[in-house]
Every structure is written in structure tokens, then in C-alpha cells.
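Asker: Take this structure first; my questions come after.
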Amino acid sequence: MNELIAKAKYLLSSKTVDVVIGYGKGSGKYARAEFIRKLDDADKMIYNETCIQNLATYVQKHEVKHLGKIAIVANNYTLRSLLVLASEFQFTEGQVLALYITPENKIVEMPDFKSIEDHLATVDTGLKPDEKEIVDRIEKMTVAERWDFWQKEFAKCFKCFACRSSCPLCYCTKCMTESNQPQWIPVAASDLGNMEWHIMRAMHLAGRCVNCGDCARACPMDIPLNLLTYNLIEGIEKDFGAKAGMKATDISTLSTFKPDDKENFIK
Amino acid sequence: MSEKNIYLPSLMKIVKVTEEAPFVKTFRLVFMDEEDEKNFSFKTGQFGEYSLMGAGEVTFCIASAPTRKGYIECTFRSAGRVTTALSKCEAGDTIGFRGPYGNIFPIDEWKGKNLLFIAGGIALPPMRSVIWNCLDLRENFKEITIVYGARTVADLVYKEELEEWENRPDVKLYTTVDPGGETPGWKGEVGFVPIVLDKIAPSAKDTIAIVCGPPVMIKFTFPVLEKLGFKDDDVYTTLENRMKCGFGKCGRCNVGKYFVCKDGPVFTRTQLKGLPEEY
Amino acid sequence: METEKRTLKKSSLEKLFNSLKGEGKKIIAPVKKGSIIDFCEVSTIQEMAEDYLLTVQSAKSAAFPKIEKLFDYVISQEGVSTKDRNLDSIPEMVLFGVRPCDAFGFDSLSAIFNWETKDTIYSKRLEKLSIISFSCNKADAYCFCTSVNGSPGSIAGSDILLTYAENDEFLAEIITEKGKIIAEKSDAFEASKDIDKSKLLADVPVLFDVKKVVKNATASFDSEIWVEQSLRCIGCGSCAFVCPTCACFDIQDESNGKQGSRLRLWDSCGFSLFTIHTSGHNPREVQSARWRQRIMHKFSYMPDRLDVIGCVGCGRCSRACPVDMNIKEHLIQIAKDKI
């Protein structure tokens, strides 16, 4: 994508940024992340339907942060992830320059939060029809059927934590599952322990997840973790009217208390 | 090779608990099974995996000397899950023990030499094993000097031993606390261990130096020893590292091509220089 | 024992399978599970996947499962007691339809688990395991077994190796005593025919000189290349857990009230907290140091200490990697003269 390559070269040579995080040709069906620092490397950059990975996960990575100011090729999910990270004070405005690519392959620079927010206000961020259909299917199951379904899926899990590592919003340097005083979640990848892990991870993402689906794509055993995320997103919207990652000043739905919250048990 | 389950610990009873310093305790342990007692022996420098069933396992050196039979001792500070659980144990309680693992201080090679022991804080326990071993074989060595420091007077461990060593005519003991850590009436040195060492300036001639302490202390002690003329081959240390299995299989203590649990934890400075800085 | 060459008709494969089943052995074979192919216990040969390249996971679970009980304990008024594993209760197992790279992987694992101290649990599982492999007549771009002393028709580690020839027949190589007993009991094998194995195997070109990888990696601890290669690595455990030769593990106690077990669990040097000290000091604080450890351990430290390469070139790590690290590309880069 020549415009993108040119843009990357310009941003680097003008020292606007120190690294452009984009996509390059992968060895499988998806593109891979590329970290462009030298002008020649920019020629590797591509943008097409294989470019799906949510690159926001790299904004938090130590070695990437230390490369300096970042430009990042961002789809709508990435943009929303960035706003959630911003609302949680994980980076300051101006540290990350988002490069959104329109369906017509035009590049839109979004250097500040307002530009991202204004763009997202025009985008349909609801569940897609095929996603809604899967949620309906699960919701039609009885509790026993659902238990059976998830037990079978979670039995495959061996706690590689690819789901956690690929998620931009799982950035805790010490994950709850790495806590051993007390051991909240069993270390062993037992059927029940796996279920605990996935449910707890989902709960820590409720109100923050933007439905990029990287967790499900990352899972080597193809566990449909995206079903959990669809469910969360539906639930949060239904019960709280909230959608994650639309504004940099959004507060996290489930971990913020306001005096005028409708629940009064805490009063 | 034996057919024993290498992960199964022997059961040991705590026969004595000593509070050494805030959050630091010593356990004296005896095997509950006579067969285990009979088959057990260790050499100074080795460590074990001590466990509390339900809490887990933790790595400590064996802090007593093989010259003292019938029991072993370990000293630890409450820091994580297992040590905190262990610190709640009392005399009469049962813990698990796997060991001995690791390599040894080659005290046979040190016969006829002067020995200089340098330790800091909670690192005295591994040193205490080799100090006791050498003192029990006192005639094998020439001059023995011990330099030991802790942050404050309260943090000095093995207070009884320190008194014993102080009173022995055949041992030169220097104790020090960090500036600000002294109490009124403190008669020892005041200053960081490397600085006190520099002041004492022991001779490097025919002397083996054994150093153990927190990484920052070791970092500043090595140059002092170099300045005093100690050869890298004559400077020994025992490494702290995250270890789990104790026999080189779990991968945790792999540093360069070495495993701290198998090729160490005792290393000379020469060997240490051959390790990448990943410990 | 010298390898015996026989023939097995495709139609007799079921006879072989049923003979093993009839002896009460647990048979683990590749099975289609939704969108993936993975190892699973099967009761009939029909449950086996057809037309597969490789399973997602390696076969190492047969001797080194993701959860292994080390012993049980009970805490009571009278004190603490432990109950050792009864290794005789470990069932006889057969890996049926694994690939040569899977079988080859057990050599590396055994080198670790029996290094100077014998891991009796692992060894007993391996003792009770029979491995019947199928040669590869296809490979994909992730495979590189031939670059690490393997091959799509290697007999290393297998008890019996079947290579599919034409005419619905397999060239059968009976490699070990265990394999010989299986062959005799099943009565499924026929006399050998003159079959040229080399024509039946997948073409897996050698992509790099592994000796160069060992030499260059060993000499490059401080190189910038580790940061370069690992920028996109996100530090999960996928590669380690699907790898046939990765053996790093954790030991944890799990209690239920006053009783419980000590367990050995899969772990990965790629996790950020793998080497962390209680003091908070972490010798491998950044992902590039952990990526370097992965390569060095497999291609420098293991060859040095254990005389084995810690890699069989199956490519599973690359297929499973969520960010497309593709170890083959990195190894090719390391094998170049200047890195």
C-alpha cells in the first residue's frame, strides 16, 4: 500500500515518530506486526484483509515503549483499545499517533483523542449479525447444555495465556492468576480451573473489552473465547448503557463508583 | 540410578525454633524416619527444597554443618507464600525436605590456607554452614577472619554464634551495621560491608575469600577483593536464584549453559565471570 | 535390534489397531476436534482423523502430561503423611499415527528428565508407551525437520514406522523389541516387499545448517538480534506448550481441605515471571531476554550439556504462535555468518 509506505517514511524521516507499528506479510493466513524504524523497512508494509491483529497490545510492551514516539496502524478496534488504555492512564495524549485506514484506503492521521472519538462516533460498534446469531444460540441453551458446552471447550485449554497476552487490555504486570497469596486461580490447567480462569478474565474485561476477537484468534486450541466477549458486550450495554473505548475520559463501568450510582446497597 | 520418586520429600520434625531477627527464623529439623536419617548425608554448600504440604516448596541452603550429626538447620525470612506459612510453624510440626542438592564448597582444597568469610544480612545462613564446618576442622586452616554486616543491629542473625565467634581466640570477627543502624552501646563497626572490608584490608596471600550477600553488596565487594590482590579462582560465592526442582530439570535456574542447582550454587569468581548476567 | 522391514496392507491397519485395543492398551491418535486436529483417546480406528499433516499439540503428554501428580498428602491431628505414586497403575499406552518428529521429540525429553537423576514417573510412562508413527508424505512451509537432524521418514524414537506406499500398502519398519512384540501379537504384518522409501516421503528441503545456529547463537549472547527478532513476541506459552521438546515445569500444591497433592505442571521460560526472585529481582525482565533464552536453551545449552538439539523441526510453535514469530525464519537468520 504505497500511500501507507510513503506516510511511514515521512513520519520517520521528519522524526515525528520513532517507530511505525504496522502490518507486514505473515507466513500464514494473517499479516504479522512490523516495527518500522528504518526507512527501507517501510517497504514491507501492507494493508489488506489479512491485517486483523489488534496492534494496540504493543503500545504497552516495554521494548516497544522504549523505542520512543509511536505511530500505529489502527482499525476501529485498535482505536477503541487505545481510548480504553488512555482512560486508564496507560499513555498520554500525543505519545501515540493513530493511523486509521478508511475502507477506500485513505490514511487518516489521528494525533489526539478528539480525532479518534469524533471518528468512532460515526462508526457502528454494535455486534455484527453473525455475532448476534451466535449469542442467541448460546442463550437458547439450558444451563446444563451450556455447562456441558463450556466444559468441553475449556478441557482443551492448557493455560498458555495467549488470550491474555494478545489482549491490549490485559496489561497487568502481575496477573491475578500469578498471585499466590492467596492463590485466586489454580495454577494447574484442570477442567474446572480453566473455567475459573476464563470466567475471571472475562469479568476483568467487562466494560473494557472492545470485541477485537484477538483472544479467540490467538488460542492455539481454537476455543471460542469470542463468545464470552460478545456476551459481555451485550450485557454491559443492556445493563449499563455503556460501550467501551468511545471516549478517552470514559470510566470503567464495573470498577468505578459514583455517588449517584443507581445501586444503593453501598450507601 | 535409583527408582525412588525424586519429587517425594522426607518428613522432618521441627525440634527447635529460634527467632533470629524480625521476620527471620531458624528451624532445627530431624528426620522422622530412621531410614531417611541413616541414608542422609550432605556437604557444606548444598541446599534443599523445604516444603509445607498445601503451601508449596521453597529453596534454602542447609545452614548447619555436616560435622554436626543428627539434625539439619535452615534459616529463612518470611517473604512469600511458603516462607510466610512456614513462619507460623512451631516445634513439633512436620515439614517436608528434599535434598541435598547442588555443589559444595571445596574445603578439602583449602587446607593450610587462611579463610576470609564475608557475609551480609540474610546471607549469613549459607556461610554459617561452611564457617561451622571449617571451625570444626580448625586445625586444617590458618587464620580465619569473618566480616559480617546487616542493616541494623536487630537484623544481625545468629546472635549467639556471633558472640561465640567473637570470644574465640582463633577467629577474627568484625561485625558492622549500615550507617544509621547502630544502637547506643554498639561496639562493632559502622559502615557498609565492602567499605569495612576495605578498611580492614586483609591480606590476599594464601587466602581464600568466601562472599555471600545481596547482589548490591557482592557488586561492591568484588572490586575491593580485587584491589586487595585476590585472584578470581580464590574468591567463592554462593548464588541466590529462583530454583524449584533442585536437579536441573524444571529450567528455572538455567543461567547460560549452567544450572544454579547443579553446577552451583557455589561458584568461583572465575566461573561467575563465565555466566551471562542473568542471575 | 536391527530394524525389520515388513509390509502392512491398509486394510490390515484396523487389525493392528484392534490387536492393541484387545490387549487393553489406551490408544491415543489424532482426531478432528472442530477446526483442529489434536491427540485424543480413541476406541475405534474410525475415530482417527484422515488426511492430516500434524496435530496442534505434540505427543509429549503421553509421558509428560500438562498435570502430573507427584504424590498425595494428608494433614491430620497426628501430623502429616504422604502417599507416593503407585507407578504400576499407569496404563499401557500406544501413540498411533504420530509423526516422526513427535517420536524424535522423546529423545530430547528423556535427555532432560533422566539427566543424572532419573525421573521415575516420566520414565515409567515412557516404558509403558509404544509409538507407532506414520511417515510424512506431505509437509508445509512451517516444517523444517531435515534442518535439525530429522526427516519425514525418520525411525528415531518410534517402535514401528509405517510409510504409505502405492497399492494401499505401507512399508512397515519394526524398529524395537517393543515393536516386534506388537507386530507378532497383531498378526497383521506380511512379508517385506521391495519398496523404495525415499520416493514416498515429503520433500522437506534443508533450510539452514544447525551447526551454524549452535555456533552463532553461542557467540551472540549480547547481540541486538534478540530484540530485533522478538519485538512482536507477546510472551505467551503457546510455543512452549505445543513443543515436543519443551520440558520446563512448575511444582504446585493443590489442597482440598486437609488433603491434597503436589503437582508438576507445564511452565514456559517465555512467561514474564518465570525467573522472578522473591525479592522482586527478575534476571530476565524483558521479552527479548526470554526469547534469547528459548533459542539458546534449545540450540546452545542443550547441545552443550546433553548432546541433543532441543528442537525437532515440527513447526508447531510457528503454527500456534498468535503473532507469527515463525522460529524457522529466525533460525535461518541466526545461521547466517554475521548476526
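Every chain in the C-alpha cells takes a letter, A first, then B, and so on in the order presented; its residues are numbered from 1, and the ligands are numbered from 1 following the presented order.
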Using only C-alpha atoms, select each residue of chain C with any atom at most 6 Å away from an atom of chain A, and give the selection as an NGL selection string.
Answerer: :C and (234 or 236-238 or 320 or 322)
Asker: Write the residues of the preceding selection, restricted to C-alpha atoms, as a tab-separated table (two decimals), in the first residue's frame.
Answerer:
chain	number	residue	atom	x	y	z
C	234	ILE	CA	3.82	-11.21	23.33
C	236	CYS	CA	2.51	-16.33	25.97
C	237	GLY	CA	3.26	-20.02	26.42
C	238	SER	CA	1.82	-21.36	23.18
C	320	ALA	CA	0.40	-22.00	17.11
C	322	PRO	CA	-0.55	-15.89	17.76
Asker: Assign secondary structure with DSSP using the backbone only, and return the residues of segment 44-148 of chain A in strand (DSSP E or B) as a PyMOL selection string.
Answerer: chain A and resi 46+70-74+96-101+107-110
Asker: Quick one: residues within 9 Å of segment 168-171 of chain C, only C-alpha atoms, excluding same-chain residues fewer than 3 positions away - as a PDB file with C-alpha atoms, in the first residue's frame?
Answerer:
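Result saved to around_29.pdb:
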ATOM      1  CA  LYS C   5      11.189 -54.486   7.100  1.00  0.00           C
ATOM      2  CA  ARG C   6       7.682 -55.840   6.581  1.00  0.00           C
ATOM      3  CA  THR C   7       4.528 -54.838   4.734  1.00  0.00           C
ATOM      4  CA  LEU C   8       1.180 -53.836   6.147  1.00  0.00           C
ATOM      5  CA  LYS C   9      -1.906 -53.714   3.965  1.00  0.00           C
ATOM      6  CA  LYS C  10      -4.033 -50.640   4.559  1.00  0.00           C
ATOM      7  CA  SER C  11      -6.946 -52.960   5.207  1.00  0.00           C
ATOM      8  CA  LEU C 161       7.156 -46.725  11.445  1.00  0.00           C
ATOM      9  CA  LEU C 162       4.610 -47.028   8.648  1.00  0.00           C
ATOM     10  CA  THR C 163       5.273 -45.347   5.325  1.00  0.00           C
ATOM     11  CA  TYR C 164       2.390 -45.283   2.869  1.00  0.00           C
ATOM     12  CA  ALA C 165       3.323 -46.774  -0.487  1.00  0.00           C
ATOM     13  CA  SER C 192       8.544 -57.375   3.149  1.00  0.00           C
ATOM     14  CA  LYS C 193       8.438 -56.103  -0.393  1.00  0.00           C
ATOM     15  CA  ASP C 194      10.993 -54.119  -2.249  1.00  0.00           C
ATOM     16  CA  ILE C 195       9.721 -50.620  -1.536  1.00  0.00           C
ATOM     17  CA  ASP C 196      11.874 -47.521  -2.033  1.00  0.00           C
ATOM     18  CA  LYS C 197      11.054 -45.427   0.990  1.00  0.00           C
TER      19      LYS C 197
END
Asker: Contacts of segment 61-66 of chain C at 7 Å or less, counting only C-alpha atoms, minus same-chain residues fewer than 6 places along, as a PyMOL selection string?
Answerer: chain C and resi 122+125-126+265-266
Asker: Would you write out those residues with C-alpha atoms, as a short mmCIF file (atom, residue, chain, number, x, y, z; two decimals), in the first residue's frame?
Answerer:
data_model
loop_
_atom_site.label_atom_id
_atom_site.label_comp_id
_atom_site.auth_asym_id
_atom_site.auth_seq_id
_atom_site.Cartn_x
_atom_site.Cartn_y
_atom_site.Cartn_z
CA TYR C 122 8.34 -39.87 33.31
CA ARG C 125 5.22 -43.57 31.36
CA LEU C 126 7.75 -43.87 28.56
CA LEU C 265 2.67 -28.57 35.71
CA TRP C 266 3.79 -27.26 32.34
#
Asker: Could you tell me how far atom CA of Phe113 of chain A lies from atom CA of Lys38 of chain A, in Å and to one decimal?
Answerer: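 So the two atoms, atom CA of Phe113 of chain A and atom CA of Lys38 of chain A, lie 27.2 Å apart.
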Asker: Show me, as a ChimeraX atom specification, the residues of chain C whose atoms get within 6 Å of chain B, using only C-alpha atoms for the distance check.
Answerer: /C:112,120,248-249,252-253,255,275,277,283,301
Asker: Could you write out the selected residues, including N, CA and C atoms, as a short mmCIF file (atom, residue, chain, number, x, y, z; two decimals), in the first residue's frame?
Answerer:
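Saved to again08.cif:
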data_model
loop_
_atom_site.label_atom_id
_atom_site.label_comp_id
_atom_site.auth_asym_id
_atom_site.auth_seq_id
_atom_site.Cartn_x
_atom_site.Cartn_y
_atom_site.Cartn_z
N ILE C 112 16.51 -34.68 29.25
CA ILE C 112 16.31 -33.77 30.37
C ILE C 112 15.82 -34.52 31.60
N THR C 120 11.42 -40.99 37.75
CA THR C 120 10.82 -42.32 37.63
C THR C 120 9.41 -42.26 37.05
N CYS C 248 10.15 -27.43 30.55
CA CYS C 248 10.14 -26.63 31.77
C CYS C 248 8.84 -26.83 32.53
N PHE C 249 8.95 -26.91 33.84
CA PHE C 249 7.75 -27.17 34.62
C PHE C 249 7.73 -26.40 35.93
N GLN C 252 3.45 -27.25 42.16
CA GLN C 252 2.48 -26.55 43.00
C GLN C 252 1.71 -27.55 43.84
N ASP C 253 1.30 -27.11 45.03
CA ASP C 253 0.44 -27.94 45.86
C ASP C 253 -1.00 -27.52 45.62
N SER C 255 -4.66 -28.22 47.44
CA SER C 255 -5.31 -28.89 48.55
C SER C 255 -6.81 -28.76 48.46
N THR C 275 11.36 -16.43 35.99
CA THR C 275 12.61 -16.44 36.76
C THR C 275 12.61 -15.45 37.92
N HIS C 277 12.69 -13.55 41.31
CA HIS C 277 13.06 -13.87 42.69
C HIS C 277 12.01 -13.28 43.63
N PRO C 283 15.87 -11.74 36.68
CA PRO C 283 17.03 -11.82 35.79
C PRO C 283 16.67 -11.67 34.31
N TYR C 301 22.60 -24.44 24.84
CA TYR C 301 22.84 -25.08 26.14
C TYR C 301 22.57 -26.58 26.09
#
Asker: Go through chain A residue by residue and, counting only C-alpha atoms, keep those with an atom at most 9 Å from chain B; for each kept residue give the shortest atom pair and its distance in Å to one decimal, ordered by chain and increasing number, as CSV.
Answerer:
residue,atom,partner,partner_atom,distance
A:Asn180,CA,B:Arg81,CA,6.6
A:Gln181,CA,B:Arg81,CA,5.9
A:Pro182,CA,B:Arg81,CA,8.0
Asker: Deliver the residues from the most recent selection as a file, using N, CA and C atoms, as a PDB file, in the first residue's frame.
Answerer:
ATOM      1  N   ASN A 180      -0.167 -15.569  44.393  1.00  0.00           N
ATOM      2  CA  ASN A 180      -0.279 -16.809  45.159  1.00  0.00           C
ATOM      3  C   ASN A 180      -0.544 -16.573  46.639  1.00  0.00           C
ATOM      4  N   GLN A 181      -0.758 -15.315  46.987  1.00  0.00           N
ATOM      5  CA  GLN A 181      -1.148 -15.032  48.370  1.00  0.00           C
ATOM      6  C   GLN A 181      -2.414 -14.204  48.362  1.00  0.00           C
ATOM      7  N   PRO A 182      -3.617 -14.777  48.243  1.00  0.00           N
ATOM      8  CA  PRO A 182      -3.847 -16.207  48.086  1.00  0.00           C
ATOM      9  C   PRO A 182      -3.793 -16.613  46.619  1.00  0.00           C
TER      10      PRO A 182
END
Asker: Residues near Ala150 of chain B, anyone? I mean within 8 Å using only C-alpha atoms, not counting same-chain ones fewer than 6 positions away, as a list of chain:residue names.
Answerer: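 Answer for this query is B:Gly120, B:Gly121, B:Ile122, B:Leu156, B:Thr176, B:Val177, B:Asp178.
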Asker: Would you list the contacts of Glu160 of chain B as a PyMOL selection string, taking every protein, DNA or RNA residue within 12 Å and counting only C-alpha atoms, but skipping same-chain residues closer than 3 positions in sequence?
Answerer: chain B and resi 18-21+156-157+163-167
Asker: Would you kindly return, as a PyMOL selection string, each protein, DNA or RNA residue with an atom no farther than 9 Å from any atom of Lys16 of chain B, considering only C-alpha atoms and excluding same-chain residues fewer than 4 positions away?
Answerer: chain B and resi 26-29+90-92
Asker: Please indicate the distance in Å from atom CA of Gly313 of chain C to atom CA of Ile251 of chain C, rounded to one decimal place.
Answerer: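 Separation of atom CA of Gly313 of chain C and atom CA of Ile251 of chain C: 28.4 Å.
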Asker: Using backbone DSSP assignments, extract all alpha helix (DSSP H) residues from segment 48-150 of chain B; output them as a list in words.
Answerer: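 DSSP-assigned alpha helix (DSSP H) residues in segment 48-150 of chain B: Arg81, Val82, Thr83, Thr84, Ala85, Leu86, Leu124, Pro125, Pro126, Met127, Arg128, Ser129, Val130, Ile131, Trp132, Asn133, Cys134, Leu135 and Asp136 of chain B.
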Asker: Print the selection's residues with N, CA and C atoms to a file, as an mmCIF file, in the first residue's frame.
Answerer:
data_model
loop_
_atom_site.group_PDB
_atom_site.id
_atom_site.type_symbol
_atom_site.label_atom_id
_atom_site.label_comp_id
_atom_site.auth_asym_id
_atom_site.auth_seq_id
_atom_site.Cartn_x
_atom_site.Cartn_y
_atom_site.Cartn_z
ATOM 1 N N ARG B 81 4.807 -16.718 49.873
ATOM 2 C CA ARG B 81 3.739 -17.580 50.342
ATOM 3 C C ARG B 81 4.227 -18.692 51.258
ATOM 4 N N VAL B 82 5.249 -19.415 50.819
ATOM 5 C CA VAL B 82 5.667 -20.580 51.597
ATOM 6 C C VAL B 82 6.401 -20.149 52.860
ATOM 7 N N THR B 83 7.282 -19.148 52.753
ATOM 8 C CA THR B 83 8.027 -18.736 53.942
ATOM 9 C C THR B 83 7.083 -18.144 54.982
ATOM 10 N N THR B 84 6.063 -17.430 54.534
ATOM 11 C CA THR B 84 5.100 -16.883 55.493
ATOM 12 C C THR B 84 4.358 -18.013 56.206
ATOM 13 N N ALA B 85 3.980 -19.044 55.447
ATOM 14 C CA ALA B 85 3.292 -20.187 56.059
ATOM 15 C C ALA B 85 4.236 -20.924 57.006
ATOM 16 N N LEU B 86 5.492 -21.090 56.596
ATOM 17 C CA LEU B 86 6.467 -21.786 57.449
ATOM 18 C C LEU B 86 6.693 -21.025 58.746
ATOM 19 N N LEU B 124 24.039 -14.762 55.725
ATOM 20 C CA LEU B 124 24.924 -15.471 56.654
ATOM 21 C C LEU B 124 24.579 -16.956 56.743
ATOM 22 N N PRO B 125 23.300 -17.355 56.660
ATOM 23 C CA PRO B 125 22.980 -18.786 56.756
ATOM 24 C C PRO B 125 23.815 -19.700 55.863
ATOM 25 N N PRO B 126 23.929 -19.475 54.540
ATOM 26 C CA PRO B 126 24.768 -20.418 53.777
ATOM 27 C C PRO B 126 26.215 -20.373 54.228
ATOM 28 N N MET B 127 26.663 -19.217 54.692
ATOM 29 C CA MET B 127 28.043 -19.090 55.151
ATOM 30 C C MET B 127 28.234 -19.817 56.467
ATOM 31 N N ARG B 128 27.201 -19.784 57.294
ATOM 32 C CA ARG B 128 27.322 -20.380 58.623
ATOM 33 C C ARG B 128 27.631 -21.871 58.505
ATOM 34 N N SER B 129 27.080 -22.511 57.490
ATOM 35 C CA SER B 129 27.348 -23.933 57.290
ATOM 36 C C SER B 129 28.833 -24.161 57.051
ATOM 37 N N VAL B 130 29.425 -23.339 56.165
ATOM 38 C CA VAL B 130 30.827 -23.561 55.843
ATOM 39 C C VAL B 130 31.737 -23.027 56.970
ATOM 40 N N ILE B 131 31.284 -21.990 57.659
ATOM 41 C CA ILE B 131 32.092 -21.492 58.783
ATOM 42 C C ILE B 131 32.158 -22.561 59.866
ATOM 43 N N TRP B 132 31.002 -23.103 60.238
ATOM 44 C CA TRP B 132 30.977 -24.154 61.253
ATOM 45 C C TRP B 132 31.828 -25.339 60.834
ATOM 46 N N ASN B 133 31.675 -25.732 59.558
ATOM 47 C CA ASN B 133 32.422 -26.885 59.055
ATOM 48 C C ASN B 133 33.932 -26.650 59.232
ATOM 49 N N CYS B 134 34.368 -25.429 58.890
ATOM 50 C CA CYS B 134 35.803 -25.139 58.984
ATOM 51 C C CYS B 134 36.243 -25.002 60.432
ATOM 52 N N LEU B 135 35.413 -24.392 61.259
ATOM 53 C CA LEU B 135 35.773 -24.263 62.669
ATOM 54 C C LEU B 135 35.821 -25.636 63.337
ATOM 55 N N ASP B 136 34.967 -26.570 62.900
ATOM 56 C CA ASP B 136 35.002 -27.912 63.463
ATOM 57 C C ASP B 136 36.246 -28.672 63.010
#
Asker: Which is closest to Leu225 of chain A among A:Glu153, A:Glu133, A:Glu88, A:Asp239, if we use only C-alpha atoms?
Answerer: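 Checking each candidate against Leu225 of chain A, we get A:Glu153 as the closest.
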Asker: Between C:Cys314, C:Leu207, C:Ala335, C:Leu231, which has the minimum distance to Pro152 of chain C (counting only C-alpha atoms)?
Answerer: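 The closest residue to Pro152 of chain C is C:Cys314.
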Asker: Distance atom CA of Ile144 of chain B-atom CA of Phe47 of chain B, one decimal place?
Answerer: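 It comes out at 23.8 Å.
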